[in-house]
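Reviewing the structure listed below.
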Amino acid sequence: MTDGARAATPPVALPREAETHCPYCALQCGMVLRAEGDRVEVLPRQFPTNRGGLCQKGWTAAELLDHPERLTTPLLRDASGELRPATWDAALDRVAAGIRAVQSGHGRDAVAVFGGGGLTNEKAYALGKFARVALRTRHIDYNGRWCMSSAAAAGIRAFGVDRGLPFPLADLARADTLLLVGANPAETMPPLLRHLTDQRQRGGRLIVVDPRVTATARQADLHLQPLPGTDLAVANALLHIALTEGLVDKAYVDARTTGFEQVRRTVAGYWPAEVERLSGVPVADLEATARALAGGSAIILTARGAEQHAKGVDTVSAFVNLALALGLPGRPGSGYGCLTGQGNGQGGREHGQKSDQLPGYRKIDDPAARAHVAGVWGVDPDDLPGPGVPAYRLLDSLGTPGGPRAMLVFGSNPVVSAPRAARVTERLRGLDLLVVADFLLSETAALADVVLPVAQWAEEEGTMTNLEGRVLRRQALRRPPPGVRTDLDILAGLAARLDDGEPGTGPAGTPTTTTGTGAAAAQPAGRAARQFPTDPRVVFAELRRASAGGPADYAGITWERIERDEGVFWPCPDPDGPDAPRLFADRFPTPDGRARFHPVTHRPAAEEVCAEYPLHFTTGRVLAQYQSGTQTRRVAALRRAAPGGFVELHPDLADRLGVDEGDELVVTSRRGELRAPARLSPTIRPDTVFAPFHWGGAARANSVTNDATDPVSGMPEFKICAVRVEKA
Amino acid sequence: MRVVIVGYGMAGSRLAAELHARSGEHKVTVLGAEPHRAYNRIMLSTLLAGKIDEPDVELAEVAGQGVDVRTGTGVTAIDRAAREVRTDDGDRIGYDHLVLATGSRALVPPLPGLDPTDLPARVAAFRTLDDCRRILAVARDARRVLVLGGGLLGLEAARGLAARGLDVTVVHPVGHLMERQLDPAAGAVLAGTLAGLGVRTELAVGGSGVEVDADEVRLRLTDGRTLAADLLVLSCGVRPETGLAAAAGLAVERGVVVDDRLRTSDPHVSAIGDCAQHDGTLTGLVAPAWAQARVVAQLLSGEDPAVRYRARPAVTRLKAAGIDLAAMGDPTDGPGEELTFADPARGTYARLRIHDERLTGAILLGDNPSVGTVVQLFDRGGPVPTDRRALLLGRAIGTTAATPAESPALMPDAATVCQCNDVRKGALVACWRDGARTVDEVVAATRAATGCGGCREAVTGIVDWLREADSVGAAR
C-alpha cells in the first residue's frame, strides 16, 4: 500500500513505533515513540539537532496522551454558564451559527482567528486559508508574534529573508566565538548545548549577554550582564569598538552590503564608556567581546531576551549590523541567527498565520503574491482580505467597538501568555463567541463558549520546520482517542457549515459527518471539502504549490524526501534540486543581492523605574516548563521539578525588603500584580527581579508585564517594566 | 518656529538630530565655524593613535532632512533686538529661538614663545580635528613628543601618540597626574602604568618658555632644565567660548549662564554643552551636553514643556589600550566608609567612599571587574552591595562558575547532578544498588546526562566512586 493510499483510508493498525520529533520547542529533538501495550514510551533518537539528547520535557511528553484531564469531547457553555459535554455536530453547529450571526451583524472582520507556533505547517497553512477563504476576515494572527517576530522583521530588513538560523545548528561547533544575546538554551533547549560542548572542545569561546547569571551564562568564558533594555546600546558599542580597532571587514562591507555609512556615523555616538554607564557592562568586557568576534569565525545568536522589547527589532538590527560589519553572514561557521522558541515557530510564521502574510512568507499586500495564492486556492484575488493587525492589538480590540466579536483560538493560551494578561482576559470575556481548540482545558479554554478537543502530536501526521529552517516529519504512533478530532477536521467541518450553498453541499451547508466512535470525521463533500482537505499529506501538497516562488519555497519538499534526508532545508523550489542548509554564501535574497545595514539608536524602555516602581522586572523560562504550561504543568515529574511560580531577587534586595527565602511576595506594576514565593539568588542584578511566565492564577507573570509593543514587529515588551516588590 | 543653532560640534549636531527626531513645525539652521561635518571628539585620541581614519569619527547627521547645516560659517554677532545672527560671510539669519553650542577652545598657556593666535610650527593644541591634523602632520616625521599638561586630554593624546611608536613625555606642573580626579596614590599608579606603555612623566614642574626652530621644539622648564622634541602638544585646559554671548549682552560668568531649561538671560536664547554654565558648573563632557540637547529639543518641540535639566554627577573615564581608569565624585574626603585596594605592581588601585549606603566617590584604576557596577551605582544612586567586596571584585562575588565536581562521597543525596532531567545523586546511587553497573546503564535508567550532556563526567565520577566503594567493601 502506498503512503498516499494509507493516508486517505487509514489502516486499522498503525505502526507500533514511530520516528518523530518532540512536541515542544523549536529544537524538535528527534525521538522514537514506541507503543508498549497502553503505554507510550519515548526514546531519544540520533538527529542532527539533539544528537540523541532529550530534556525532561521530551522524556515525559507522552504522559499527556492518556492524561486524565485530556479533553475527549467537545464542551459547550450552557445557559447557566457551565461548560458541558456535547456532540461534535452540536459544537460545530454552534460555532458556525455564532460566526454567521457575528458576521451578518458586524461584517466579516468581526471574526478573528488566533493561531499558534506549535501547529504543524499543514495546520498553520490551513488556518490561514480558513481565515481568508472561509471566514474572509483580515483578522488572523498568532502567538508567534510574541516569540521571534522582532528577529523576523530585522532579518527581513537586513537579509531579505527570515530563517531563524541560516545555517545548520551543527555549525555552532565551528565558530571560534559564539555570542548568545538574551538566550538561555541550557534551560530552554538543553540538548543544543551538545553543540556548545563541541565548540568548546574545539577551543571556541562562548560569550553570553544576559542580565541574569543563567545556567547558560555560567558556562560562558565571558558574561556581559547589562541592565535590562540596554542590549541595543551594547551592540552599537561593540560596533563602535570594531571601528576604532580596525576590526571591520571593509572588503565584505564594500562587496556585499549597503548602508554602512549611516550606521558608522550612528555608532560613532556609542563610545564604550558611555555605554558602560548606561548598561553597566565594563568597557574592558565590551572590548574583549568585540575582539573575540573579529578575525576568526563567529556566530551571533539572539533570542527572546534581546527581542521581547518595544525596541526589539532595532535591537536585533544592531546585532545584525555588527555581524555584517564583521563580515560574518554567509561565511562558514559564521553568521547571525535567532533561536526560535516554539516547536513550529519557524514554519508557523511562513504559511499564513501572520496578519500580513500569505503562504511561502509572501506579503499579503503584494498583488503578485495575492494572485498566486488566490490561484492555488481557486478564489478571486480581490476576495482575499488585506492585512490585519498584530497579535496584541488584535486581542486588545476584542469586543470593543469596531473590534472582532468572535474568535477562534488554535494552539494558544493567551490568558497566560499575553502581556498585560488581565486586560486580555477581560477582552476575551467581552466576546460574543470564543472557540478554543485544545487537548487540555487551558486557562483560555476555560473561558470559551465552545471547546473543541483535538489530537496530540503522537496522533497526527504532518511537518514542522525547526529553528534551522529544516522541514521535519511528525509521524503518528496511534490514532486520536474516540471523540477527538484533528484541527484539519475541525476546519473542514466548519468550512462546510459556513459554505454558502455552492453545488455539492446541502442547503444548510452542513453535510452529515460521522459521530460514532471513530475519531476522525468523515470528509465533508462539496466545495468546502475540496478547499479544506483533512488529510495532511494533501494539505502539504497544496502548501507546496502555494509557497512556490515565495521566499520560503517548499515546492521541492516531499514527505518522502524529508524522511530520506533527515529533513529538508527551505528554500527548496525543485523536487530534484538541492535544498539550502546554508544561506547567503554568494548573495542575499534582496533585490540587489546585498545585505542592508539599518542605523538604530538606543532609547529607554517603554516604562522606566521611578520612585513608586523602583525595580526592573523581567520574565523568562525554567527548564521543566514550556510556554504557558498548559501541558508541562500537568506532567507529574515536571511539576515536581518546577512546582510553581516564583520571584527571583538578589539577597541584598531581599534584605532591604525584609524578605526571606520562600516568603510570599507581591510584585506590582501599573497594570497588575503577581504573588509568588521569593527565591533568593546572588546571580541576578540587585535592581532587577525575575519571574517565569509559565503559570496562570496569582503567580501569573504577565499580570505585570507591559503591553507596549514594537512599532515594526508588534512584539510586546515582555522583558522589562517597572515594579515594586513587597512582602505579602 | 525658526531655530538657529550656533556651533556644529557634538552638542549642536546632537540638538539638530534630537529636533529632527521630533515632530513639529521647526526650521532648523545649524551654523558651524569648522569646515567639517560633525565629528566625535571622543574619538580624536584614537585618530591620533592611527587606528582609524578621519571619516570614522564623523557623527550621524541630519543635514538635508529639513535641517540646514552650514559648515565653515562663523557667527560674528547676535542682534537680540532683531532676533537675528550675523555670519562671517555677511548673512543675517533670523530666529525665533537661538541655541548657543559654541563649545570651548583650548587654553594656550602664557609662555614666552607662544602666541595663542598663531602657534609656531611643531606646537599644537589638542582640541579639534584641525588640531589633530596639525599634530599628525608633524608626528609623521617625529620621534620625540612633549605633552604639556597631564590631565585627561593630555594623557589621551600622550597614549595615542605613544601607540604610534613615538617617544612621549608628559610635563605636568602638579605633583601627580590628573589631580582633579585622582589622589596622589592613584596618580602614582597611573604614572607607573604609563611608563610601561612608553610614556614618561615629568611631575611638579611647569613650562617657562618655548623655542622652536627648523629642527626641534624646546620647552624650558621651571626647574631650569630644557626638554627638546620634534612636537609639543599643549593640553592645558579649555575655556568656554563665550565671546559671542558676552558681546550680545547675555549674562556670562565662566560660561554662559543658563537655568534648568537651559535658557540664558534672554528667554529666546539657550546655551548647551561646553559653553554653558548650569548651576555654577561647567561640564566639559559629552554626556551632559547630549542630555542638555535632549531637554532643549523636548522644550522647543513642545514634547514635554515641563522637562528640566538635572545635572548628573560627572564620571571621568580614561580607557585606552593598557589603561583603564574611572574616577567619580570624591572618594578621598567626607563622611562614611572607605574601601581601598592597591596592587601597584600590577597597576591596580581602587578607592571608594560610601555614605549612607550610597557611593559618593570612586577611583578605579587598572583591572577592576566591578567598574561597570560602580559606575552605574554612582550614576543612579543605587544602594551598594551588602558584601562590599563586590564593589572591588565585581562579578567574582556570588557568581562563580558551575560548581566544580565535588567529591561524590561529600555530595549530599539531594544534590542535583543532572539539571536537564532533574536527577539527584541519590537516584544514581539507588540505580547502582538496583544493579546497574556501567555509566550507560545508569544513564539509561535515570536519564541523567541525556539532556545537554554536560553532567556526563559527574555521572561517570559517581559510578566510579560507587564501583570503588563496592570493591573496597568486597575486599574486606
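A note on labels: chains of the C-alpha cells are A, B, ... as shown, every chain counts residues from 1, and ligands are counted from 1 in their shown order.
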Identify every residue of chain A that has at least one atom within 6 Å of any atom of chain B, counting only C-alpha atoms, and report the result as a short mmCIF file (atom, residue, chain, number, x, y, z; two decimals) with C-alpha atoms, in the first residue's frame.
data_model
loop_
_atom_site.label_atom_id
_atom_site.label_comp_id
_atom_site.auth_asym_id
_atom_site.auth_seq_id
_atom_site.Cartn_x
_atom_site.Cartn_y
_atom_site.Cartn_z
CA GLY A 53 19.68 14.02 23.79
CA LEU A 54 16.35 14.82 25.39
CA CYS A 55 15.47 17.04 28.28
CA GLN A 56 12.94 16.11 30.91
CA PRO A 190 19.21 21.75 26.73
CA PRO A 191 20.28 19.29 24.01
CA LEU A 193 24.34 22.51 24.48
CA ARG A 194 25.87 19.41 22.99
CA ARG A 218 27.58 30.11 33.94
CA THR A 244 38.04 52.12 16.35
CA GLU A 245 40.16 48.99 16.44
CA ARG A 265 28.17 57.57 11.87
CA THR A 266 25.43 56.45 14.23
CA ALA A 268 30.26 56.87 16.48
CA GLU A 276 29.23 51.22 30.19
CA ARG A 277 27.41 53.88 32.16
CA GLY A 280 26.77 48.54 33.43
CA VAL A 281 28.92 46.39 31.16
CA PRO A 282 32.59 47.24 31.75
CA PRO A 682 23.01 36.31 44.07
CA THR A 683 23.07 35.81 40.32
#
For the structure I just gave you, how does DSSP split range 304-346 of chain B - specifically, which residues are strand (DSSP E or B)? Reply as a list in words.
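Matching residues for strand (DSSP E or B) in range 304-346 of chain B are Val315, Thr316, Arg317, Leu318, Lys319, Ala320, Ile323, Asp324, Leu325, Ala326, Ala327, Met328, Gly329, Glu337, Glu338, Leu339, Thr340, Phe341, Ala342 and Asp343 of chain B.
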Emit the selected residues as a tab-separated table (two decimals), in the first residue's frame, including all heavy atoms.
chain	number	residue	atom	x	y	z
B	315	VAL	N	31.37	61.44	35.59
B	315	VAL	CA	32.23	60.27	35.67
B	315	VAL	C	33.34	60.46	34.64
B	315	VAL	O	33.06	60.67	33.47
B	315	VAL	CB	31.45	58.97	35.36
B	315	VAL	CG1	32.40	57.77	35.33
B	315	VAL	CG2	30.34	58.75	36.36
B	316	THR	N	34.56	60.44	35.10
B	316	THR	CA	35.68	60.57	34.17
B	316	THR	C	36.20	59.19	33.84
B	316	THR	O	36.44	58.37	34.73
B	316	THR	CB	36.82	61.40	34.83
B	316	THR	OG1	36.29	62.67	35.19
B	316	THR	CG2	37.97	61.57	33.87
B	317	ARG	N	36.35	58.95	32.57
B	317	ARG	CA	36.72	57.61	32.16
B	317	ARG	C	37.86	57.73	31.18
B	317	ARG	O	37.74	58.42	30.16
B	317	ARG	CB	35.49	56.98	31.47
B	317	ARG	CG	35.48	55.49	31.35
B	317	ARG	CD	35.20	54.82	32.67
B	317	ARG	NE	35.08	53.37	32.46
B	317	ARG	CZ	36.13	52.55	32.40
B	317	ARG	NH1	37.34	53.02	32.57
B	317	ARG	NH2	35.94	51.26	32.19
B	318	LEU	N	38.96	57.11	31.51
B	318	LEU	CA	40.08	57.06	30.57
B	318	LEU	C	40.29	55.60	30.24
B	318	LEU	O	40.64	54.79	31.09
B	318	LEU	CB	41.34	57.66	31.19
B	318	LEU	CG	42.64	57.48	30.41
B	318	LEU	CD1	42.54	58.04	29.01
B	318	LEU	CD2	43.80	58.16	31.14
B	319	LYS	N	40.01	55.27	28.98
B	319	LYS	CA	40.15	53.88	28.60
B	319	LYS	C	40.89	53.86	27.28
B	319	LYS	O	40.39	54.28	26.26
B	319	LYS	CB	38.77	53.22	28.46
B	319	LYS	CG	38.83	51.74	28.13
B	319	LYS	CD	39.28	50.92	29.33
B	319	LYS	CE	39.40	49.45	28.96
B	319	LYS	NZ	40.59	49.17	28.13
B	320	ALA	N	42.11	53.41	27.36
B	320	ALA	CA	42.91	53.24	26.15
B	320	ALA	C	43.67	51.95	26.35
B	320	ALA	O	43.72	51.41	27.45
B	320	ALA	CB	43.87	54.41	25.99
B	323	ILE	N	45.34	51.07	29.63
B	323	ILE	CA	44.92	51.94	30.74
B	323	ILE	C	43.42	51.79	30.94
B	323	ILE	O	42.66	51.82	29.98
B	323	ILE	CB	45.18	53.43	30.44
B	323	ILE	CG1	46.61	53.65	29.95
B	323	ILE	CG2	44.90	54.28	31.67
B	323	ILE	CD1	46.88	55.07	29.52
B	324	ASP	N	43.03	51.64	32.18
B	324	ASP	CA	41.60	51.58	32.48
B	324	ASP	C	41.37	52.37	33.76
B	324	ASP	O	41.71	51.91	34.85
B	324	ASP	CB	41.14	50.11	32.63
B	324	ASP	CG	39.62	49.98	32.57
B	324	ASP	OD1	38.93	50.99	32.82
B	324	ASP	OD2	39.14	48.88	32.27
B	325	LEU	N	40.84	53.57	33.60
B	325	LEU	CA	40.69	54.46	34.74
B	325	LEU	C	39.27	55.00	34.78
B	325	LEU	O	38.75	55.47	33.77
B	325	LEU	CB	41.68	55.63	34.61
B	325	LEU	CG	41.41	56.83	35.53
B	325	LEU	CD1	41.64	56.47	36.98
B	325	LEU	CD2	42.31	57.99	35.13
B	326	ALA	N	38.66	54.91	35.95
B	326	ALA	CA	37.36	55.54	36.15
B	326	ALA	C	37.43	56.35	37.44
B	326	ALA	O	37.93	55.86	38.46
B	326	ALA	CB	36.26	54.49	36.25
B	327	ALA	N	36.99	57.59	37.37
B	327	ALA	CA	37.01	58.43	38.57
B	327	ALA	C	35.70	59.18	38.65
B	327	ALA	O	35.20	59.68	37.64
B	327	ALA	CB	38.18	59.40	38.51
B	328	MET	N	35.15	59.25	39.85
B	328	MET	CA	33.85	59.92	40.02
B	328	MET	C	33.74	60.39	41.45
B	328	MET	O	34.26	59.75	42.37
B	328	MET	CB	32.72	58.96	39.66
B	328	MET	CG	32.65	57.73	40.55
B	328	MET	SD	32.08	56.24	39.68
B	328	MET	CE	33.60	55.65	38.93
B	329	GLY	N	33.07	61.54	41.61
B	329	GLY	CA	32.88	62.07	42.95
B	329	GLY	C	34.22	62.27	43.65
B	329	GLY	O	35.26	62.41	43.00
B	337	GLU	N	32.18	55.31	54.94
B	337	GLU	CA	33.19	54.25	54.89
B	337	GLU	C	34.11	54.45	53.71
B	337	GLU	O	33.73	55.02	52.71
B	337	GLU	CB	32.52	52.89	54.67
B	337	GLU	CG	31.32	52.57	55.49
B	337	GLU	CD	30.53	51.42	54.87
B	337	GLU	OE1	31.14	50.48	54.34
B	337	GLU	OE2	29.29	51.50	54.92
B	338	GLU	N	35.29	53.90	53.85
B	338	GLU	CA	36.20	53.94	52.72
B	338	GLU	C	36.66	52.52	52.42
B	338	GLU	O	36.99	51.76	53.32
B	338	GLU	CB	37.40	54.83	53.05
B	338	GLU	CG	38.35	54.97	51.89
B	338	GLU	CD	39.41	56.02	52.15
B	338	GLU	OE1	39.06	57.19	52.39
B	338	GLU	OE2	40.60	55.67	52.13
B	339	LEU	N	36.65	52.16	51.16
B	339	LEU	CA	37.17	50.86	50.72
B	339	LEU	C	38.40	51.11	49.88
B	339	LEU	O	38.39	51.99	49.03
B	339	LEU	CB	36.16	50.14	49.84
B	339	LEU	CG	34.77	49.84	50.36
B	339	LEU	CD1	33.98	49.12	49.27
B	339	LEU	CD2	34.85	48.99	51.60
B	340	THR	N	39.42	50.34	50.10
B	340	THR	CA	40.61	50.51	49.27
B	340	THR	C	41.19	49.16	48.89
B	340	THR	O	41.05	48.16	49.60
B	340	THR	CB	41.71	51.30	49.99
B	340	THR	OG1	41.99	50.65	51.24
B	340	THR	CG2	41.32	52.73	50.23
B	341	PHE	N	41.80	49.18	47.76
B	341	PHE	CA	42.58	48.03	47.32
B	341	PHE	C	43.71	48.58	46.47
B	341	PHE	O	43.47	49.45	45.63
B	341	PHE	CB	41.73	47.06	46.49
B	341	PHE	CG	42.54	45.92	45.92
B	341	PHE	CD1	42.82	44.80	46.69
B	341	PHE	CD2	43.06	46.00	44.63
B	341	PHE	CE1	43.58	43.76	46.17
B	341	PHE	CE2	43.82	44.96	44.11
B	341	PHE	CZ	44.07	43.84	44.88
B	342	ALA	N	44.91	48.11	46.69
B	342	ALA	CA	46.01	48.59	45.87
B	342	ALA	C	46.97	47.46	45.57
B	342	ALA	O	47.35	46.70	46.44
B	342	ALA	CB	46.75	49.73	46.57
B	343	ASP	N	47.31	47.34	44.30
B	343	ASP	CA	48.31	46.39	43.85
B	343	ASP	C	49.15	47.14	42.82
B	343	ASP	O	49.03	46.91	41.62
B	343	ASP	CB	47.61	45.17	43.23
B	343	ASP	CG	48.60	44.12	42.75
B	343	ASP	OD1	49.83	44.33	42.92
B	343	ASP	OD2	48.14	43.11	42.18
Expressed in Å to a single decimal, how great is the separation between CA of Tyr349 in chain B and CA of Pro184 in chain B?
11.4 Å
Give me every helix (DSSP H, G or I) residue in range 317-411 of chain A, going by DSSP on the backbone, as a CSV table (one decimal) with N, CA, C and O atoms, in the first residue's frame.
chain,number,residue,atom,x,y,z
A,317,SER,N,18.5,44.4,14.9
A,317,SER,CA,19.2,45.1,13.8
A,317,SER,C,20.6,45.5,14.3
A,317,SER,O,21.6,45.5,13.5
A,318,ALA,N,20.7,46.0,15.5
A,318,ALA,CA,22.1,46.4,16.0
A,318,ALA,C,23.0,45.2,16.0
A,318,ALA,O,24.2,45.4,15.6
A,319,PHE,N,22.6,44.1,16.4
A,319,PHE,CA,23.5,42.9,16.3
A,319,PHE,C,23.7,42.4,14.9
A,319,PHE,O,24.8,41.9,14.6
A,320,VAL,N,22.7,42.5,14.0
A,320,VAL,CA,22.9,42.2,12.6
A,320,VAL,C,23.9,43.1,12.0
A,320,VAL,O,24.8,42.7,11.3
A,321,ASN,N,23.8,44.4,12.3
A,321,ASN,CA,24.8,45.4,11.8
A,321,ASN,C,26.2,45.0,12.2
A,321,ASN,O,27.1,45.0,11.4
A,322,LEU,N,26.3,44.6,13.5
A,322,LEU,CA,27.6,44.1,14.0
A,322,LEU,C,28.1,42.9,13.2
A,322,LEU,O,29.3,42.9,12.7
A,323,ALA,N,27.2,42.0,13.0
A,323,ALA,CA,27.6,40.8,12.2
A,323,ALA,C,28.0,41.1,10.8
A,323,ALA,O,29.0,40.6,10.3
A,324,LEU,N,27.3,42.0,10.2
A,324,LEU,CA,27.6,42.4,8.8
A,324,LEU,C,28.9,43.1,8.8
A,324,LEU,O,29.7,42.9,7.9
A,325,ALA,N,29.1,44.1,9.7
A,325,ALA,CA,30.4,44.8,9.7
A,325,ALA,C,31.6,43.9,9.9
A,325,ALA,O,32.6,44.2,9.3
A,345,GLY,N,7.7,27.4,15.5
A,345,GLY,CA,7.7,28.9,15.4
A,345,GLY,C,8.2,29.3,14.0
A,345,GLY,O,7.7,30.3,13.4
A,346,GLN,N,9.1,28.6,13.4
A,346,GLN,CA,9.6,28.9,12.1
A,346,GLN,C,8.5,28.7,11.0
A,346,GLN,O,8.1,29.6,10.3
A,347,GLY,N,8.1,27.4,10.9
A,347,GLY,CA,7.1,27.1,9.9
A,347,GLY,C,5.8,27.9,10.1
A,347,GLY,O,5.1,28.3,9.2
A,348,GLY,N,5.4,28.0,11.4
A,348,GLY,CA,4.2,28.7,11.7
A,348,GLY,C,4.1,30.1,11.2
A,348,GLY,O,3.1,30.7,11.1
A,367,PRO,N,0.4,42.4,-4.8
A,367,PRO,CA,-0.6,41.9,-5.7
A,367,PRO,C,-0.1,40.6,-6.4
A,367,PRO,O,-1.0,39.7,-6.6
A,368,ALA,N,1.1,40.5,-6.7
A,368,ALA,CA,1.6,39.2,-7.3
A,368,ALA,C,1.4,38.0,-6.4
A,368,ALA,O,1.0,37.0,-6.8
A,369,ALA,N,1.7,38.3,-5.1
A,369,ALA,CA,1.5,37.2,-4.1
A,369,ALA,C,0.1,36.8,-4.0
A,369,ALA,O,-0.3,35.6,-3.9
A,370,ARG,N,-0.8,37.8,-4.0
A,370,ARG,CA,-2.2,37.6,-3.8
A,370,ARG,C,-2.7,36.8,-5.0
A,370,ARG,O,-3.5,35.8,-4.9
A,371,ALA,N,-2.3,37.2,-6.2
A,371,ALA,CA,-2.7,36.5,-7.4
A,371,ALA,C,-2.3,35.0,-7.4
A,371,ALA,O,-3.1,34.1,-7.7
A,372,HIS,N,-1.0,34.8,-7.0
A,372,HIS,CA,-0.5,33.4,-7.0
A,372,HIS,C,-1.3,32.6,-6.0
A,372,HIS,O,-1.8,31.5,-6.3
A,373,VAL,N,-1.4,33.0,-4.8
A,373,VAL,CA,-2.1,32.2,-3.7
A,373,VAL,C,-3.6,32.1,-4.0
A,373,VAL,O,-4.2,31.0,-3.9
A,374,ALA,N,-4.2,33.1,-4.5
A,374,ALA,CA,-5.6,33.0,-4.9
A,374,ALA,C,-5.8,32.0,-6.0
A,374,ALA,O,-6.8,31.2,-6.0
A,375,GLY,N,-4.8,31.9,-6.9
A,375,GLY,CA,-4.9,30.9,-7.9
A,375,GLY,C,-4.9,29.5,-7.3
A,375,GLY,O,-5.7,28.6,-7.7
A,376,VAL,N,-4.0,29.3,-6.4
A,376,VAL,CA,-3.9,28.0,-5.8
A,376,VAL,C,-5.2,27.7,-5.0
A,376,VAL,O,-5.7,26.5,-5.0
A,377,TRP,N,-5.8,28.7,-4.4
A,377,TRP,CA,-6.9,28.5,-3.6
A,377,TRP,C,-8.2,28.5,-4.4
A,377,TRP,O,-9.3,28.2,-3.9
A,381,PRO,N,-8.5,36.9,-6.5
A,381,PRO,CA,-7.6,37.7,-5.6
A,381,PRO,C,-8.2,38.8,-4.9
A,381,PRO,O,-7.9,39.1,-3.7
A,382,ASP,N,-9.2,39.4,-5.5
A,382,ASP,CA,-9.9,40.6,-4.9
A,382,ASP,C,-10.7,40.2,-3.7
A,382,ASP,O,-11.1,41.0,-2.9
A,383,ASP,N,-11.0,38.9,-3.6
A,383,ASP,CA,-11.8,38.4,-2.4
A,383,ASP,C,-10.9,38.1,-1.2
A,383,ASP,O,-11.4,37.9,-0.1
A,391,ALA,N,-0.8,40.5,17.0
A,391,ALA,CA,-1.5,39.8,18.0
A,391,ALA,C,-2.0,40.7,19.1
A,391,ALA,O,-3.2,40.6,19.5
A,392,TYR,N,-1.1,41.5,19.7
A,392,TYR,CA,-1.6,42.2,20.9
A,392,TYR,C,-2.7,43.2,20.5
A,392,TYR,O,-3.7,43.3,21.2
A,393,ARG,N,-2.5,43.9,19.4
A,393,ARG,CA,-3.5,44.9,19.0
A,393,ARG,C,-4.8,44.1,18.7
A,393,ARG,O,-5.9,44.7,19.0
A,394,LEU,N,-4.7,43.0,18.2
A,394,LEU,CA,-5.9,42.2,17.9
A,394,LEU,C,-6.6,41.8,19.2
A,394,LEU,O,-7.8,42.1,19.4
A,395,LEU,N,-5.9,41.3,20.1
A,395,LEU,CA,-6.5,40.9,21.4
A,395,LEU,C,-7.1,42.1,22.1
A,395,LEU,O,-8.2,42.0,22.7
A,396,ASP,N,-6.4,43.2,22.1
A,396,ASP,CA,-6.8,44.4,22.8
A,396,ASP,C,-8.0,45.0,22.2
A,396,ASP,O,-8.7,45.8,22.8
A,397,SER,N,-8.3,44.6,20.9
A,397,SER,CA,-9.5,45.2,20.3
A,397,SER,C,-10.8,44.3,20.4
A,397,SER,O,-11.8,44.7,20.0
For Pro686 in chain A, work out the shell of residues within 7 Å, counting only C-alpha atoms and skipping chain neighbours fewer than 2 positions away, then give it as number ranges by chain.
A: 649-650, 652-653, 684, 688
Next, write the just-selected residues to a file, as a PDB file, in the first residue's frame, keeping all heavy atoms as the atom set.
ATOM      1  N   LEU A 649      15.074  37.210  43.308  1.00  0.00           N
ATOM      2  CA  LEU A 649      15.632  38.511  43.652  1.00  0.00           C
ATOM      3  C   LEU A 649      16.958  38.342  44.374  1.00  0.00           C
ATOM      4  O   LEU A 649      17.244  37.284  44.934  1.00  0.00           O
ATOM      5  CB  LEU A 649      14.654  39.351  44.480  1.00  0.00           C
ATOM      6  CG  LEU A 649      14.408  39.045  45.951  1.00  0.00           C
ATOM      7  CD1 LEU A 649      13.611  40.179  46.567  1.00  0.00           C
ATOM      8  CD2 LEU A 649      13.657  37.747  46.135  1.00  0.00           C
ATOM      9  N   HIS A 650      17.751  39.394  44.335  1.00  0.00           N
ATOM     10  CA  HIS A 650      19.083  39.370  44.925  1.00  0.00           C
ATOM     11  C   HIS A 650      18.966  39.417  46.450  1.00  0.00           C
ATOM     12  O   HIS A 650      18.085  40.100  46.981  1.00  0.00           O
ATOM     13  CB  HIS A 650      19.869  40.580  44.412  1.00  0.00           C
ATOM     14  CG  HIS A 650      21.340  40.506  44.697  1.00  0.00           C
ATOM     15  ND1 HIS A 650      21.869  40.822  45.916  1.00  0.00           N
ATOM     16  CD2 HIS A 650      22.387  40.138  43.913  1.00  0.00           C
ATOM     17  CE1 HIS A 650      23.196  40.661  45.883  1.00  0.00           C
ATOM     18  NE2 HIS A 650      23.534  40.245  44.669  1.00  0.00           N
ATOM     19  N   ASP A 652      20.616  41.032  48.568  1.00  0.00           N
ATOM     20  CA  ASP A 652      20.686  42.409  49.086  1.00  0.00           C
ATOM     21  C   ASP A 652      19.329  43.089  49.024  1.00  0.00           C
ATOM     22  O   ASP A 652      18.921  43.788  49.959  1.00  0.00           O
ATOM     23  CB  ASP A 652      21.678  43.248  48.259  1.00  0.00           C
ATOM     24  CG  ASP A 652      23.126  42.963  48.655  1.00  0.00           C
ATOM     25  OD1 ASP A 652      23.341  42.126  49.547  1.00  0.00           O
ATOM     26  OD2 ASP A 652      24.022  43.587  48.052  1.00  0.00           O
ATOM     27  N   LEU A 653      18.660  42.887  47.923  1.00  0.00           N
ATOM     28  CA  LEU A 653      17.324  43.471  47.770  1.00  0.00           C
ATOM     29  C   LEU A 653      16.372  42.830  48.781  1.00  0.00           C
ATOM     30  O   LEU A 653      15.594  43.529  49.450  1.00  0.00           O
ATOM     31  CB  LEU A 653      16.823  43.266  46.339  1.00  0.00           C
ATOM     32  CG  LEU A 653      15.396  43.718  46.043  1.00  0.00           C
ATOM     33  CD1 LEU A 653      15.228  45.210  46.320  1.00  0.00           C
ATOM     34  CD2 LEU A 653      15.034  43.406  44.586  1.00  0.00           C
ATOM     35  N   ILE A 684      21.329  37.476  40.179  1.00  0.00           N
ATOM     36  CA  ILE A 684      20.533  38.479  39.464  1.00  0.00           C
ATOM     37  C   ILE A 684      20.989  39.854  39.920  1.00  0.00           C
ATOM     38  O   ILE A 684      21.485  40.014  41.034  1.00  0.00           O
ATOM     39  CB  ILE A 684      19.016  38.275  39.729  1.00  0.00           C
ATOM     40  CG1 ILE A 684      18.178  39.176  38.836  1.00  0.00           C
ATOM     41  CG2 ILE A 684      18.674  38.467  41.208  1.00  0.00           C
ATOM     42  CD1 ILE A 684      16.699  38.807  38.810  1.00  0.00           C
ATOM     43  N   THR A 688      16.939  44.348  39.783  1.00  0.00           N
ATOM     44  CA  THR A 688      16.047  43.655  38.855  1.00  0.00           C
ATOM     45  C   THR A 688      15.451  42.438  39.543  1.00  0.00           C
ATOM     46  O   THR A 688      16.148  41.739  40.274  1.00  0.00           O
ATOM     47  CB  THR A 688      16.850  43.198  37.613  1.00  0.00           C
ATOM     48  OG1 THR A 688      17.456  44.348  37.011  1.00  0.00           O
ATOM     49  CG2 THR A 688      15.967  42.514  36.596  1.00  0.00           C
TER      50      THR A 688
END
Name all residues at most 8 Å from range 162-177 of chain B (count only C-alpha atoms; drop same-chain ones fewer than 2 positions away) and give them as a PyMOL selection string.
chain B and resi 48-50+142-151+154-155+158-160+179+182-184+187-188+190-191+197-207
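Of the residues under consideration (A:Gly341, A:Pro614, A:Gly352, A:Gly378), A:Gly378 shows the shortest atom-to-atom contact distance to Arg530 in chain A when counting only C-alpha atoms.
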